[in-house]
Amino acid sequence: EALDDPAFAALMEEATKYIGWPYVWGGSSPSTSFDCSGYVRYVFAKSGIDLPRSADEQYLVGQKIGKHNLQPGDLVFFQTYEEGVSHSGIYIGDGKFISATSSSGVAIASVNDSYWGERYIGAKRVM
């Protein structure tokens with residue numbers, strides 16, 4: 001189970017450290033704050049996992065995972081402002097994920113809520 005994994009615990013600690021941080025387009029570190037893919041890439045880099053910079057490129061790596069098989073630490077992807085993958089986040093369990101959003105900054109949301117549910121594209125496992 002991923003939740004018992006020390007690597008996952010470290011990933012979650014890093015991910016939740018930035019809740020409430022503002023969204024900044026192109027931001028990719030605590031010094032600049034974050035956009036969605038910059039946030040995901042930064043959090044995973046802290047655990048030694050190198051991911052591409054953009055959400056659509058992140059969607060090309062890892063093992064494809066069905067929504068019913070999501071595990072904490074999986075990457076989740078959404079179509080937001082343009083056709084195809086344009087938002088990435090980190091699944092944290094119980095149907096929830098954490099990501100940097102233009103509306104709320106770094107925040108937790110449900111993959112099935114009225115906004116994200118209809119924009120969900122898929123998930124990838126990279127750890």
# chains A, B, ... in the order shown; residues from 1 in each chain; ligands from 1

$ select_by_dssp --residues "range 35-88 of chain A" --states "alpha helix (DSSP H)" --output "short mmCIF file (atom, residue, chain, number, x, y, z; two decimals) with C-alpha atoms, in the first residue's frame"
data_model
loop_
_atom_site.label_atom_id
_atom_site.label_comp_id
_atom_site.auth_asym_id
_atom_site.auth_seq_id
_atom_site.Cartn_x
_atom_site.Cartn_y
_atom_site.Cartn_z
CA CYS A 36 0.16 23.17 -12.22
CA SER A 37 2.90 21.28 -14.02
CA GLY A 38 5.67 23.26 -12.33
CA TYR A 39 4.24 22.27 -8.97
CA VAL A 40 3.96 18.57 -9.89
CA ARG A 41 7.46 18.54 -11.35
CA TYR A 42 8.95 20.29 -8.28
CA VAL A 43 7.29 17.97 -5.75
CA PHE A 44 8.39 14.84 -7.61
CA ALA A 45 11.93 16.18 -8.14
CA LYS A 46 12.25 16.45 -4.35
CA ALA A 55 1.28 18.85 -18.25
CA ASP A 56 0.90 17.41 -21.76
CA GLU A 57 4.49 16.11 -21.66
CA GLN A 58 3.97 14.68 -18.16
#

$ residues_around --residues "Ile90 in chain A" --least-positions-apart "2" --cutoff "7 Å" --atoms "only C-alpha atoms" --output "list in words"
Val40, Gly73, Asp74, Leu75, Val76, Ile92, Phe97, Ile98 and Ser99 of chain A

$ select_by_dssp --residues "range 53-111 of chain A" --states "strand (DSSP E or B)" --output "list in words"
Gln63, Lys64, Ile65, Leu75, Val76, Phe77, Phe78, His87, Ser88, Gly89, Ile90, Tyr91, Ile92, Gly93, Lys96, Phe97, Ile98, Ser99, Ala100, Thr101, Gly105, Val106, Ala107, Ile108, Ala109 and Ser110 of chain A

$ write_last_selection --atoms "N, CA and C atoms" --output "compact mmCIF listing (two decimals), in the first residue's frame"
# COMPACT_ATOMS: atom_id res chain seq x y z
N GLN A 63 3.06 4.76 -16.35
CA GLN A 63 2.15 3.66 -16.70
C GLN A 63 0.72 4.17 -16.60
N LYS A 64 -0.07 3.93 -17.65
CA LYS A 64 -1.46 4.38 -17.66
C LYS A 64 -2.26 3.64 -16.59
N ILE A 65 -3.06 4.36 -15.83
CA ILE A 65 -3.83 3.80 -14.72
C ILE A 65 -5.31 4.17 -14.90
N LEU A 75 -0.21 10.52 -10.92
CA LEU A 75 -0.47 11.81 -11.56
C LEU A 75 -1.86 11.75 -12.20
N VAL A 76 -2.64 12.82 -12.03
CA VAL A 76 -3.95 12.89 -12.68
C VAL A 76 -3.95 14.08 -13.63
N PHE A 77 -4.67 13.91 -14.74
CA PHE A 77 -4.61 14.89 -15.82
C PHE A 77 -6.02 15.31 -16.27
N PHE A 78 -6.10 16.59 -16.64
CA PHE A 78 -7.39 17.19 -16.99
C PHE A 78 -7.24 18.08 -18.21
N HIS A 87 -3.81 20.32 -17.59
CA HIS A 87 -3.67 20.47 -16.14
C HIS A 87 -3.24 19.15 -15.54
N SER A 88 -2.27 19.21 -14.60
CA SER A 88 -1.82 18.00 -13.92
C SER A 88 -1.87 18.20 -12.42
N GLY A 89 -2.06 17.10 -11.71
CA GLY A 89 -2.09 17.14 -10.25
C GLY A 89 -1.62 15.81 -9.70
N ILE A 90 -1.60 15.73 -8.37
CA ILE A 90 -1.12 14.52 -7.68
C ILE A 90 -2.28 13.93 -6.88
N TYR A 91 -2.63 12.68 -7.19
CA TYR A 91 -3.70 12.02 -6.47
C TYR A 91 -3.25 11.72 -5.04
N ILE A 92 -4.12 12.01 -4.06
CA ILE A 92 -3.72 11.80 -2.66
C ILE A 92 -4.62 10.81 -1.93
N GLY A 93 -5.55 10.18 -2.64
CA GLY A 93 -6.42 9.19 -2.01
C GLY A 93 -7.82 9.73 -1.76
N LYS A 96 -9.44 12.37 -4.00
CA LYS A 96 -8.94 13.74 -3.99
C LYS A 96 -7.55 13.85 -4.61
N PHE A 97 -7.27 15.06 -5.12
CA PHE A 97 -5.95 15.34 -5.66
C PHE A 97 -5.53 16.74 -5.26
N ILE A 98 -4.23 16.99 -5.33
CA ILE A 98 -3.69 18.30 -5.01
C ILE A 98 -3.01 18.86 -6.25
N SER A 99 -3.24 20.13 -6.51
CA SER A 99 -2.63 20.75 -7.68
C SER A 99 -2.61 22.26 -7.51
N ALA A 100 -1.85 22.92 -8.38
CA ALA A 100 -1.82 24.38 -8.39
C ALA A 100 -2.86 24.87 -9.39
N THR A 101 -3.90 25.54 -8.88
CA THR A 101 -4.99 25.99 -9.74
C THR A 101 -4.99 27.51 -9.85
N GLY A 105 -4.89 28.68 -6.17
CA GLY A 105 -3.50 28.36 -5.86
C GLY A 105 -3.37 26.87 -5.59
N VAL A 106 -2.38 26.49 -4.80
CA VAL A 106 -2.20 25.07 -4.49
C VAL A 106 -3.33 24.65 -3.54
N ALA A 107 -4.13 23.69 -3.99
CA ALA A 107 -5.33 23.31 -3.25
C ALA A 107 -5.69 21.86 -3.52
N ILE A 108 -6.51 21.31 -2.63
CA ILE A 108 -7.02 19.94 -2.76
C ILE A 108 -8.43 20.01 -3.33
N ALA A 109 -8.73 19.13 -4.27
CA ALA A 109 -10.07 19.06 -4.87
C ALA A 109 -10.40 17.61 -5.13
N SER A 110 -11.65 17.35 -5.49
CA SER A 110 -12.09 15.99 -5.83
C SER A 110 -11.95 15.77 -7.33

$ atom_distance --atom1 "CA of His68 in chain A" --atom2 "CA of Arg53 in chain A"
26.6 Å
